[in-house]
Amino acid sequence: MQHGATVQHATVQHGSARKFLACVGLVICLAARAHAQQRPLVTEDPETIGSGLVLVEGGFDQQRKVFYPLSGLTGDLLRVPTLGLSLGLSSIAEIQIDWSPYQRLTVNERQAAPLAAMLDFTGDQTSDIDDLVIGTKVRLIPEGAGRPAFGVRFATKLPNASNESGLGTDTMDFFVSALVGKTVESIRVVGNVGLGLLGDPIRG
């Protein structure tokens, strides 16, 4: 079960960001057009926020019975605040930065795991900062009357959270995603498909 809240502030020059909801990789909304990703949802719209615009997002993320297979920990996770910053480089490109300065896991269960011997905390709680994710989104083809918009997103996850806390992997990961979006009357549909290149936390 996951609970989250998002608060946003956007500096607008020529337009405004509108909200959309995501479900299993598809986004269906009642807004006329979606211009920015809404956290804690992770589906990306191919449309960017626009040239010269800045979008700041904040909220919290709470999940129950989260399992970390590398450390063998299971528990309730709290991340607060969850922060997102999007910078519009041009009408078709933006830079995205996502991070949380604090995450805490209340441990309910421990089991044998590859990195369990590296855990360095006492009691039933462990905390750490979150991994910083830096991404770039580019809209390749604008939406037309008979075609959807297409875009691509590249992202890098930096190893800020440590494996000693049980919440990190100490590896750098890379992601690339293809984005598609289309507005049909008052419904916005968005889909993503991607590939991740993950580091090996066991071999280092």
# chains A, B, ... in the order shown; residues from 1 in each chain; ligands from 1

$ residues_around --residues "A:Ser86" --least-positions-apart "4" --cutoff "9 Å" --atoms "only C-alpha atoms" --output "ChimeraX atom specification"
/A:36,49,53-57,94-98

$ closest_atom_pairs --of "stretch 35-123 of chain A" --to "stretch 177-201 of chain A" --cutoff "9 Å" --atoms "only C-alpha atoms" --output "tab-separated table"
residue	atom	partner	partner_atom	distance
A:Thr43	CA	A:Asn192	CA	6.5
A:Glu44	CA	A:Leu179	CA	6.8
A:Asp45	CA	A:Val190	CA	6.0
A:Pro46	CA	A:Leu179	CA	5.3
A:Glu47	CA	A:Gly181	CA	7.9
A:Leu70	CA	A:Pro201	CA	8.3
A:Leu115	CA	A:Pro201	CA	8.5

$ atom_distance --atom1 "atom CA of A:Gly135" --atom2 "atom CA of A:Phe67"
25.9 Å

$ select_by_dssp --residues "stretch 17-199 of chain A" --states "strand (DSSP E)" --output "mmCIF file with N, CA, C and O atoms, in the first residue's frame"
data_model
loop_
_atom_site.group_PDB
_atom_site.id
_atom_site.type_symbol
_atom_site.label_atom_id
_atom_site.label_comp_id
_atom_site.auth_asym_id
_atom_site.auth_seq_id
_atom_site.Cartn_x
_atom_site.Cartn_y
_atom_site.Cartn_z
ATOM 1 N N ALA A 22 -1.802 8.565 -13.382
ATOM 2 C CA ALA A 22 -1.184 7.454 -14.093
ATOM 3 C C ALA A 22 -1.594 6.141 -13.464
ATOM 4 O O ALA A 22 -1.802 6.054 -12.278
ATOM 5 N N CYS A 23 -1.707 5.094 -14.281
ATOM 6 C CA CYS A 23 -2.048 3.769 -13.777
ATOM 7 C C CYS A 23 -1.440 2.727 -14.689
ATOM 8 O O CYS A 23 -1.787 2.644 -15.865
ATOM 9 N N LEU A 26 -0.054 3.661 -18.092
ATOM 10 C CA LEU A 26 -0.933 4.461 -18.936
ATOM 11 C C LEU A 26 -1.532 5.580 -18.106
ATOM 12 O O LEU A 26 -1.878 5.394 -16.952
ATOM 13 N N VAL A 27 -1.658 6.728 -18.701
ATOM 14 C CA VAL A 27 -2.222 7.863 -17.998
ATOM 15 C C VAL A 27 -3.532 8.240 -18.656
ATOM 16 O O VAL A 27 -3.588 8.451 -19.856
ATOM 17 N N ILE A 28 -4.585 8.306 -17.852
ATOM 18 C CA ILE A 28 -5.883 8.733 -18.351
ATOM 19 C C ILE A 28 -6.350 9.880 -17.473
ATOM 20 O O ILE A 28 -6.437 9.738 -16.263
ATOM 21 N N CYS A 29 -6.634 11.010 -18.055
ATOM 22 C CA CYS A 29 -7.030 12.150 -17.249
ATOM 23 C C CYS A 29 -8.129 12.934 -17.932
ATOM 24 O O CYS A 29 -8.427 12.732 -19.097
ATOM 25 N N VAL A 54 10.218 26.793 -14.893
ATOM 26 C CA VAL A 54 10.754 26.005 -13.787
ATOM 27 C C VAL A 54 9.586 25.397 -13.028
ATOM 28 O O VAL A 54 8.654 26.111 -12.640
ATOM 29 N N LEU A 55 9.625 24.089 -12.826
ATOM 30 C CA LEU A 55 8.588 23.391 -12.069
ATOM 31 C C LEU A 55 9.223 22.771 -10.833
ATOM 32 O O LEU A 55 10.174 21.998 -10.939
ATOM 33 N N VAL A 56 8.713 23.119 -9.658
ATOM 34 C CA VAL A 56 9.190 22.570 -8.391
ATOM 35 C C VAL A 56 8.071 21.741 -7.780
ATOM 36 O O VAL A 56 6.941 22.218 -7.656
ATOM 37 N N GLU A 57 8.386 20.505 -7.396
ATOM 38 C CA GLU A 57 7.402 19.603 -6.818
ATOM 39 C C GLU A 57 7.901 19.089 -5.477
ATOM 40 O O GLU A 57 9.098 18.862 -5.299
ATOM 41 N N GLY A 58 6.988 18.898 -4.546
ATOM 42 C CA GLY A 58 7.348 18.368 -3.240
ATOM 43 C C GLY A 58 6.212 17.562 -2.657
ATOM 44 O O GLY A 58 5.044 17.782 -2.981
ATOM 45 N N GLY A 59 6.540 16.618 -1.801
ATOM 46 C CA GLY A 59 5.506 15.802 -1.183
ATOM 47 C C GLY A 59 6.124 14.793 -0.243
ATOM 48 O O GLY A 59 7.215 15.008 0.295
ATOM 49 N N PHE A 60 5.431 13.685 -0.028
ATOM 50 C CA PHE A 60 5.964 12.608 0.798
ATOM 51 C C PHE A 60 5.523 11.279 0.203
ATOM 52 O O PHE A 60 4.602 11.214 -0.601
ATOM 53 N N ASP A 61 6.211 10.221 0.609
ATOM 54 C CA ASP A 61 5.928 8.884 0.097
ATOM 55 C C ASP A 61 5.944 7.910 1.269
ATOM 56 O O ASP A 61 6.916 7.862 2.025
ATOM 57 N N GLN A 62 4.855 7.160 1.441
ATOM 58 C CA GLN A 62 4.763 6.177 2.515
ATOM 59 C C GLN A 62 4.314 4.847 1.933
ATOM 60 O O GLN A 62 3.291 4.776 1.247
ATOM 61 N N GLN A 63 5.091 3.798 2.178
ATOM 62 C CA GLN A 63 4.782 2.472 1.657
ATOM 63 C C GLN A 63 4.878 1.446 2.780
ATOM 64 O O GLN A 63 5.723 1.563 3.667
ATOM 65 N N ARG A 64 4.041 0.422 2.699
ATOM 66 C CA ARG A 64 4.025 -0.630 3.707
ATOM 67 C C ARG A 64 4.546 -1.941 3.122
ATOM 68 O O ARG A 64 4.348 -2.226 1.949
ATOM 69 N N LYS A 65 5.213 -2.704 3.972
ATOM 70 C CA LYS A 65 5.722 -4.028 3.620
ATOM 71 C C LYS A 65 6.615 -3.975 2.384
ATOM 72 O O LYS A 65 6.468 -4.762 1.448
ATOM 73 N N VAL A 66 7.557 -3.040 2.388
ATOM 74 C CA VAL A 66 8.529 -2.925 1.304
ATOM 75 C C VAL A 66 9.653 -3.922 1.553
ATOM 76 O O VAL A 66 10.186 -4.007 2.666
ATOM 77 N N PHE A 67 10.026 -4.678 0.523
ATOM 78 C CA PHE A 67 11.073 -5.697 0.653
ATOM 79 C C PHE A 67 12.317 -5.263 -0.101
ATOM 80 O O PHE A 67 12.243 -4.874 -1.270
ATOM 81 N N TYR A 68 13.467 -5.310 0.575
ATOM 82 C CA TYR A 68 14.760 -5.010 -0.027
ATOM 83 C C TYR A 68 15.517 -6.327 -0.184
ATOM 84 O O TYR A 68 16.077 -6.850 0.786
ATOM 85 N N LEU A 73 15.753 -6.907 4.218
ATOM 86 C CA LEU A 73 14.875 -6.175 5.125
ATOM 87 C C LEU A 73 13.477 -6.031 4.536
ATOM 88 O O LEU A 73 13.321 -5.800 3.338
ATOM 89 N N THR A 74 12.481 -6.145 5.395
ATOM 90 C CA THR A 74 11.089 -5.864 5.039
ATOM 91 C C THR A 74 10.516 -4.928 6.085
ATOM 92 O O THR A 74 10.714 -5.136 7.289
ATOM 93 N N GLY A 75 9.822 -3.884 5.633
ATOM 94 C CA GLY A 75 9.257 -2.955 6.603
ATOM 95 C C GLY A 75 8.466 -1.845 5.950
ATOM 96 O O GLY A 75 8.178 -1.871 4.748
ATOM 97 N N ASP A 76 8.115 -0.852 6.761
ATOM 98 C CA ASP A 76 7.324 0.293 6.314
ATOM 99 C C ASP A 76 8.269 1.456 6.024
ATOM 100 O O ASP A 76 9.062 1.856 6.887
ATOM 101 N N LEU A 77 8.166 2.005 4.818
ATOM 102 C CA LEU A 77 9.098 3.029 4.349
ATOM 103 C C LEU A 77 8.435 4.396 4.332
ATOM 104 O O LEU A 77 7.304 4.545 3.866
ATOM 105 N N LEU A 78 9.161 5.389 4.829
ATOM 106 C CA LEU A 78 8.731 6.784 4.768
ATOM 107 C C LEU A 78 9.826 7.600 4.108
ATOM 108 O O LEU A 78 10.988 7.536 4.516
ATOM 109 N N ARG A 79 9.470 8.349 3.079
ATOM 110 C CA ARG A 79 10.397 9.264 2.412
ATOM 111 C C ARG A 79 9.791 10.660 2.471
ATOM 112 O O ARG A 79 8.690 10.881 1.963
ATOM 113 N N VAL A 80 10.527 11.597 3.099
ATOM 114 C CA VAL A 80 9.985 12.935 3.267
ATOM 115 C C VAL A 80 11.125 13.944 3.401
ATOM 116 O O VAL A 80 12.080 13.695 4.128
ATOM 117 N N PRO A 81 11.061 15.060 2.694
ATOM 118 C CA PRO A 81 10.134 15.288 1.590
ATOM 119 C C PRO A 81 10.662 14.656 0.308
ATOM 120 O O PRO A 81 11.862 14.437 0.172
ATOM 121 N N THR A 82 9.773 14.351 -0.619
ATOM 122 C CA THR A 82 10.188 13.955 -1.959
ATOM 123 C C THR A 82 10.204 15.215 -2.814
ATOM 124 O O THR A 82 9.218 15.950 -2.864
ATOM 125 N N LEU A 83 11.322 15.474 -3.461
ATOM 126 C CA LEU A 83 11.523 16.727 -4.175
ATOM 127 C C LEU A 83 11.777 16.471 -5.654
ATOM 128 O O LEU A 83 12.461 15.513 -6.020
ATOM 129 N N GLY A 84 11.226 17.327 -6.489
ATOM 130 C CA GLY A 84 11.462 17.250 -7.925
ATOM 131 C C GLY A 84 11.643 18.640 -8.502
ATOM 132 O O GLY A 84 10.930 19.577 -8.130
ATOM 133 N N LEU A 85 12.613 18.776 -9.393
ATOM 134 C CA LEU A 85 12.884 20.052 -10.048
ATOM 135 C C LEU A 85 13.008 19.818 -11.546
ATOM 136 O O LEU A 85 13.785 18.967 -11.977
ATOM 137 N N SER A 86 12.223 20.546 -12.333
ATOM 138 C CA SER A 86 12.293 20.460 -13.791
ATOM 139 C C SER A 86 12.638 21.834 -14.350
ATOM 140 O O SER A 86 12.016 22.835 -13.971
ATOM 141 N N LEU A 87 13.622 21.874 -15.245
ATOM 142 C CA LEU A 87 14.081 23.118 -15.853
ATOM 143 C C LEU A 87 13.859 23.036 -17.357
ATOM 144 O O LEU A 87 14.404 22.146 -18.022
ATOM 145 N N GLY A 88 13.064 23.942 -17.914
ATOM 146 C CA GLY A 88 12.797 23.941 -19.343
ATOM 147 C C GLY A 88 13.941 24.564 -20.122
ATOM 148 O O GLY A 88 14.159 25.776 -20.063
ATOM 149 N N ALA A 93 12.816 20.373 -24.709
ATOM 150 C CA ALA A 93 13.748 19.671 -23.820
ATOM 151 C C ALA A 93 13.686 20.235 -22.411
ATOM 152 O O ALA A 93 13.457 21.431 -22.206
ATOM 153 N N GLU A 94 13.901 19.353 -21.428
ATOM 154 C CA GLU A 94 13.963 19.776 -20.034
ATOM 155 C C GLU A 94 14.905 18.865 -19.263
ATOM 156 O O GLU A 94 15.143 17.716 -19.636
ATOM 157 N N ILE A 95 15.450 19.399 -18.176
ATOM 158 C CA ILE A 95 16.268 18.639 -17.235
ATOM 159 C C ILE A 95 15.439 18.378 -15.986
ATOM 160 O O ILE A 95 14.729 19.266 -15.507
ATOM 161 N N GLN A 96 15.531 17.156 -15.433
ATOM 162 C CA GLN A 96 14.772 16.777 -14.251
ATOM 163 C C GLN A 96 15.717 16.288 -13.159
ATOM 164 O O GLN A 96 16.659 15.535 -13.429
ATOM 165 N N ILE A 97 15.463 16.721 -11.934
ATOM 166 C CA ILE A 97 16.235 16.276 -10.773
ATOM 167 C C ILE A 97 15.251 15.815 -9.708
ATOM 168 O O ILE A 97 14.343 16.560 -9.328
ATOM 169 N N ASP A 98 15.415 14.574 -9.236
ATOM 170 C CA ASP A 98 14.530 14.002 -8.219
ATOM 171 C C ASP A 98 15.375 13.486 -7.056
ATOM 172 O O ASP A 98 16.392 12.808 -7.267
ATOM 173 N N TRP A 99 14.908 13.778 -5.830
ATOM 174 C CA TRP A 99 15.696 13.395 -4.659
ATOM 175 C C TRP A 99 14.850 13.509 -3.404
ATOM 176 O O TRP A 99 13.855 14.236 -3.369
ATOM 177 N N GLN A 103 14.965 9.203 4.193
ATOM 178 C CA GLN A 103 14.098 8.035 4.096
ATOM 179 C C GLN A 103 14.348 7.150 5.314
ATOM 180 O O GLN A 103 15.481 6.990 5.763
ATOM 181 N N ARG A 104 13.258 6.582 5.845
ATOM 182 C CA ARG A 104 13.349 5.766 7.056
ATOM 183 C C ARG A 104 12.548 4.488 6.866
ATOM 184 O O ARG A 104 11.407 4.521 6.397
ATOM 185 N N LEU A 105 13.162 3.380 7.218
ATOM 186 C CA LEU A 105 12.498 2.084 7.140
ATOM 187 C C LEU A 105 12.312 1.539 8.550
ATOM 188 O O LEU A 105 13.281 1.372 9.293
ATOM 189 N N THR A 106 11.059 1.289 8.922
ATOM 190 C CA THR A 106 10.753 0.598 10.170
ATOM 191 C C THR A 106 10.722 -0.895 9.870
ATOM 192 O O THR A 106 9.828 -1.380 9.173
ATOM 193 N N VAL A 107 11.712 -1.621 10.363
ATOM 194 C CA VAL A 107 11.934 -3.011 9.969
ATOM 195 C C VAL A 107 10.973 -3.934 10.714
ATOM 196 O O VAL A 107 10.895 -3.917 11.949
ATOM 197 N N ASN A 108 10.256 -4.746 9.946
ATOM 198 C CA ASN A 108 9.349 -5.740 10.514
ATOM 199 C C ASN A 108 9.906 -7.155 10.426
ATOM 200 O O ASN A 108 9.499 -8.036 11.191
ATOM 201 N N GLU A 109 10.832 -7.364 9.481
ATOM 202 C CA GLU A 109 11.340 -8.721 9.269
ATOM 203 C C GLU A 109 12.732 -8.651 8.651
ATOM 204 O O GLU A 109 13.033 -7.765 7.851
ATOM 205 N N ARG A 110 13.588 -9.583 9.045
ATOM 206 C CA ARG A 110 14.919 -9.737 8.458
ATOM 207 C C ARG A 110 15.068 -11.164 7.957
ATOM 208 O O ARG A 110 14.555 -12.101 8.567
ATOM 209 N N GLN A 125 14.845 0.357 13.261
ATOM 210 C CA GLN A 125 14.727 1.433 12.284
ATOM 211 C C GLN A 125 16.083 1.736 11.663
ATOM 212 O O GLN A 125 17.113 1.702 12.337
ATOM 213 N N THR A 126 16.068 2.018 10.367
ATOM 214 C CA THR A 126 17.257 2.451 9.651
ATOM 215 C C THR A 126 16.876 3.617 8.754
ATOM 216 O O THR A 126 15.748 3.685 8.253
ATOM 217 N N SER A 127 17.800 4.543 8.564
ATOM 218 C CA SER A 127 17.504 5.729 7.763
ATOM 219 C C SER A 127 18.719 6.117 6.940
ATOM 220 O O SER A 127 19.858 5.739 7.244
ATOM 221 N N ASP A 128 18.469 6.898 5.894
ATOM 222 C CA ASP A 128 19.535 7.335 4.997
ATOM 223 C C ASP A 128 18.960 8.406 4.079
ATOM 224 O O ASP A 128 17.741 8.631 4.054
ATOM 225 N N VAL A 133 18.455 11.269 -8.674
ATOM 226 C CA VAL A 133 18.206 10.881 -10.062
ATOM 227 C C VAL A 133 18.207 12.139 -10.923
ATOM 228 O O VAL A 133 17.457 13.084 -10.665
ATOM 229 N N ILE A 134 19.063 12.151 -11.945
ATOM 230 C CA ILE A 134 19.157 13.270 -12.879
ATOM 231 C C ILE A 134 18.755 12.771 -14.259
ATOM 232 O O ILE A 134 19.294 11.769 -14.745
ATOM 233 N N GLY A 135 17.797 13.443 -14.881
ATOM 234 C CA GLY A 135 17.297 12.993 -16.174
ATOM 235 C C GLY A 135 17.146 14.128 -17.165
ATOM 236 O O GLY A 135 17.093 15.306 -16.797
ATOM 237 N N THR A 136 17.071 13.757 -18.430
ATOM 238 C CA THR A 136 16.810 14.695 -19.522
ATOM 239 C C THR A 136 15.685 14.136 -20.374
ATOM 240 O O THR A 136 15.732 12.975 -20.784
ATOM 241 N N LYS A 137 14.673 14.960 -20.626
ATOM 242 C CA LYS A 137 13.542 14.546 -21.462
ATOM 243 C C LYS A 137 13.494 15.415 -22.702
ATOM 244 O O LYS A 137 13.623 16.635 -22.621
ATOM 245 N N VAL A 138 13.314 14.771 -23.858
ATOM 246 C CA VAL A 138 13.256 15.480 -25.138
ATOM 247 C C VAL A 138 12.015 15.025 -25.893
ATOM 248 O O VAL A 138 11.791 13.819 -26.059
ATOM 249 N N ARG A 139 11.208 15.971 -26.328
ATOM 250 C CA ARG A 139 10.069 15.641 -27.193
ATOM 251 C C ARG A 139 10.570 15.590 -28.629
ATOM 252 O O ARG A 139 11.058 16.578 -29.168
ATOM 253 N N LEU A 140 10.456 14.430 -29.254
ATOM 254 C CA LEU A 140 10.973 14.235 -30.604
ATOM 255 C C LEU A 140 9.970 14.635 -31.678
ATOM 256 O O LEU A 140 10.333 15.257 -32.680
ATOM 257 N N ILE A 141 8.710 14.250 -31.486
ATOM 258 C CA ILE A 141 7.666 14.528 -32.477
ATOM 259 C C ILE A 141 6.470 15.135 -31.753
ATOM 260 O O ILE A 141 5.955 14.535 -30.805
ATOM 261 N N ALA A 149 2.178 12.343 -29.625
ATOM 262 C CA ALA A 149 3.503 12.916 -29.412
ATOM 263 C C ALA A 149 4.456 11.809 -28.984
ATOM 264 O O ALA A 149 4.072 10.870 -28.282
ATOM 265 N N PHE A 150 5.719 11.927 -29.418
ATOM 266 C CA PHE A 150 6.745 10.957 -29.051
ATOM 267 C C PHE A 150 7.916 11.690 -28.400
ATOM 268 O O PHE A 150 8.264 12.807 -28.797
ATOM 269 N N GLY A 151 8.514 11.036 -27.417
ATOM 270 C CA GLY A 151 9.666 11.620 -26.751
ATOM 271 C C GLY A 151 10.576 10.537 -26.212
ATOM 272 O O GLY A 151 10.289 9.338 -26.301
ATOM 273 N N VAL A 152 11.693 10.967 -25.627
ATOM 274 C CA VAL A 152 12.654 10.041 -25.042
ATOM 275 C C VAL A 152 13.189 10.668 -23.761
ATOM 276 O O VAL A 152 13.284 11.902 -23.647
ATOM 277 N N ARG A 153 13.498 9.828 -22.787
ATOM 278 C CA ARG A 153 14.032 10.307 -21.510
ATOM 279 C C ARG A 153 15.241 9.464 -21.122
ATOM 280 O O ARG A 153 15.190 8.233 -21.155
ATOM 281 N N PHE A 154 16.333 10.139 -20.767
ATOM 282 C CA PHE A 154 17.540 9.490 -20.265
ATOM 283 C C PHE A 154 17.720 9.897 -18.802
ATOM 284 O O PHE A 154 17.549 11.069 -18.457
ATOM 285 N N ALA A 155 18.071 8.940 -17.947
ATOM 286 C CA ALA A 155 18.227 9.248 -16.525
ATOM 287 C C ALA A 155 19.374 8.441 -15.932
ATOM 288 O O ALA A 155 19.668 7.323 -16.369
ATOM 289 N N THR A 156 20.006 9.031 -14.919
ATOM 290 C CA THR A 156 21.089 8.383 -14.179
ATOM 291 C C THR A 156 20.776 8.444 -12.691
ATOM 292 O O THR A 156 20.433 9.508 -12.169
ATOM 293 N N LYS A 157 20.878 7.305 -12.011
ATOM 294 C CA LYS A 157 20.695 7.251 -10.561
ATOM 295 C C LYS A 157 22.061 7.189 -9.893
ATOM 296 O O LYS A 157 22.849 6.280 -10.154
ATOM 297 N N ASP A 173 23.136 3.552 -11.748
ATOM 298 C CA ASP A 173 22.257 2.913 -12.720
ATOM 299 C C ASP A 173 21.868 3.908 -13.807
ATOM 300 O O ASP A 173 21.784 5.120 -13.560
ATOM 301 N N PHE A 174 21.598 3.373 -15.010
ATOM 302 C CA PHE A 174 21.242 4.207 -16.156
ATOM 303 C C PHE A 174 19.930 3.709 -16.755
ATOM 304 O O PHE A 174 19.688 2.500 -16.829
ATOM 305 N N PHE A 175 19.096 4.654 -17.201
ATOM 306 C CA PHE A 175 17.784 4.308 -17.737
ATOM 307 C C PHE A 175 17.513 5.107 -19.011
ATOM 308 O O PHE A 175 17.909 6.267 -19.130
ATOM 309 N N VAL A 176 16.814 4.483 -19.954
ATOM 310 C CA VAL A 176 16.334 5.169 -21.143
ATOM 311 C C VAL A 176 14.899 4.718 -21.383
ATOM 312 O O VAL A 176 14.582 3.535 -21.240
ATOM 313 N N SER A 177 14.021 5.673 -21.699
ATOM 314 C CA SER A 177 12.599 5.369 -21.865
ATOM 315 C C SER A 177 12.067 6.044 -23.117
ATOM 316 O O SER A 177 12.439 7.184 -23.428
ATOM 317 N N ALA A 178 11.201 5.342 -23.833
ATOM 318 C CA ALA A 178 10.457 5.917 -24.949
ATOM 319 C C ALA A 178 9.093 6.347 -24.426
ATOM 320 O O ALA A 178 8.430 5.598 -23.695
ATOM 321 N N LEU A 179 8.668 7.559 -24.792
ATOM 322 C CA LEU A 179 7.442 8.147 -24.265
ATOM 323 C C LEU A 179 6.463 8.416 -25.401
ATOM 324 O O LEU A 179 6.859 8.856 -26.480
ATOM 325 N N VAL A 180 5.193 8.165 -25.151
ATOM 326 C CA VAL A 180 4.158 8.447 -26.139
ATOM 327 C C VAL A 180 2.949 9.015 -25.413
ATOM 328 O O VAL A 180 2.643 8.607 -24.285
ATOM 329 N N GLY A 181 2.277 9.982 -26.028
ATOM 330 C CA GLY A 181 1.104 10.581 -25.408
ATOM 331 C C GLY A 181 0.153 11.131 -26.450
ATOM 332 O O GLY A 181 0.571 11.655 -27.484
ATOM 333 N N LYS A 182 -1.137 11.004 -26.177
ATOM 334 C CA LYS A 182 -2.156 11.473 -27.113
ATOM 335 C C LYS A 182 -3.393 11.918 -26.341
ATOM 336 O O LYS A 182 -3.838 11.244 -25.415
ATOM 337 N N THR A 183 -3.940 13.073 -26.730
ATOM 338 C CA THR A 183 -5.193 13.552 -26.165
ATOM 339 C C THR A 183 -6.324 13.217 -27.124
ATOM 340 O O THR A 183 -6.287 13.601 -28.297
ATOM 341 N N VAL A 184 -7.304 12.468 -26.633
ATOM 342 C CA VAL A 184 -8.482 12.099 -27.417
ATOM 343 C C VAL A 184 -9.687 12.752 -26.751
ATOM 344 O O VAL A 184 -10.112 12.335 -25.675
ATOM 345 N N ILE A 187 -9.671 13.154 -22.910
ATOM 346 C CA ILE A 187 -8.916 12.096 -22.233
ATOM 347 C C ILE A 187 -7.471 12.123 -22.704
ATOM 348 O O ILE A 187 -7.190 12.150 -23.905
ATOM 349 N N ARG A 188 -6.539 12.118 -21.761
ATOM 350 C CA ARG A 188 -5.111 12.082 -22.050
ATOM 351 C C ARG A 188 -4.590 10.682 -21.772
ATOM 352 O O ARG A 188 -4.757 10.152 -20.668
ATOM 353 N N VAL A 189 -3.954 10.058 -22.759
ATOM 354 C CA VAL A 189 -3.397 8.714 -22.619
ATOM 355 C C VAL A 189 -1.891 8.796 -22.831
ATOM 356 O O VAL A 189 -1.428 9.349 -23.829
ATOM 357 N N VAL A 190 -1.122 8.269 -21.877
ATOM 358 C CA VAL A 190 0.335 8.310 -21.932
ATOM 359 C C VAL A 190 0.881 6.921 -21.657
ATOM 360 O O VAL A 190 0.396 6.223 -20.762
ATOM 361 N N GLY A 191 1.896 6.513 -22.418
ATOM 362 C CA GLY A 191 2.537 5.223 -22.201
ATOM 363 C C GLY A 191 4.046 5.347 -22.257
ATOM 364 O O GLY A 191 4.584 6.199 -22.968
ATOM 365 N N ASN A 192 4.733 4.526 -21.475
ATOM 366 C CA ASN A 192 6.195 4.499 -21.432
ATOM 367 C C ASN A 192 6.686 3.069 -21.579
ATOM 368 O O ASN A 192 6.058 2.132 -21.086
ATOM 369 N N VAL A 193 7.825 2.903 -22.249
ATOM 370 C CA VAL A 193 8.534 1.635 -22.253
ATOM 371 C C VAL A 193 10.015 1.969 -22.161
ATOM 372 O O VAL A 193 10.481 2.934 -22.780
ATOM 373 N N GLY A 194 10.752 1.211 -21.332
ATOM 374 C CA GLY A 194 12.133 1.608 -21.101
ATOM 375 C C GLY A 194 13.066 0.451 -20.833
ATOM 376 O O GLY A 194 12.654 -0.711 -20.727
ATOM 377 N N LEU A 195 14.346 0.806 -20.717
ATOM 378 C CA LEU A 195 15.420 -0.150 -20.467
ATOM 379 C C LEU A 195 16.313 0.411 -19.377
ATOM 380 O O LEU A 195 16.639 1.604 -19.386
ATOM 381 N N GLY A 196 16.699 -0.438 -18.424
ATOM 382 C CA GLY A 196 17.593 -0.019 -17.355
ATOM 383 C C GLY A 196 18.883 -0.817 -17.372
ATOM 384 O O GLY A 196 18.868 -2.038 -17.547
ATOM 385 N N LEU A 197 20.011 -0.124 -17.223
ATOM 386 C CA LEU A 197 21.323 -0.761 -17.101
ATOM 387 C C LEU A 197 21.756 -0.604 -15.646
ATOM 388 O O LEU A 197 22.131 0.487 -15.211
#
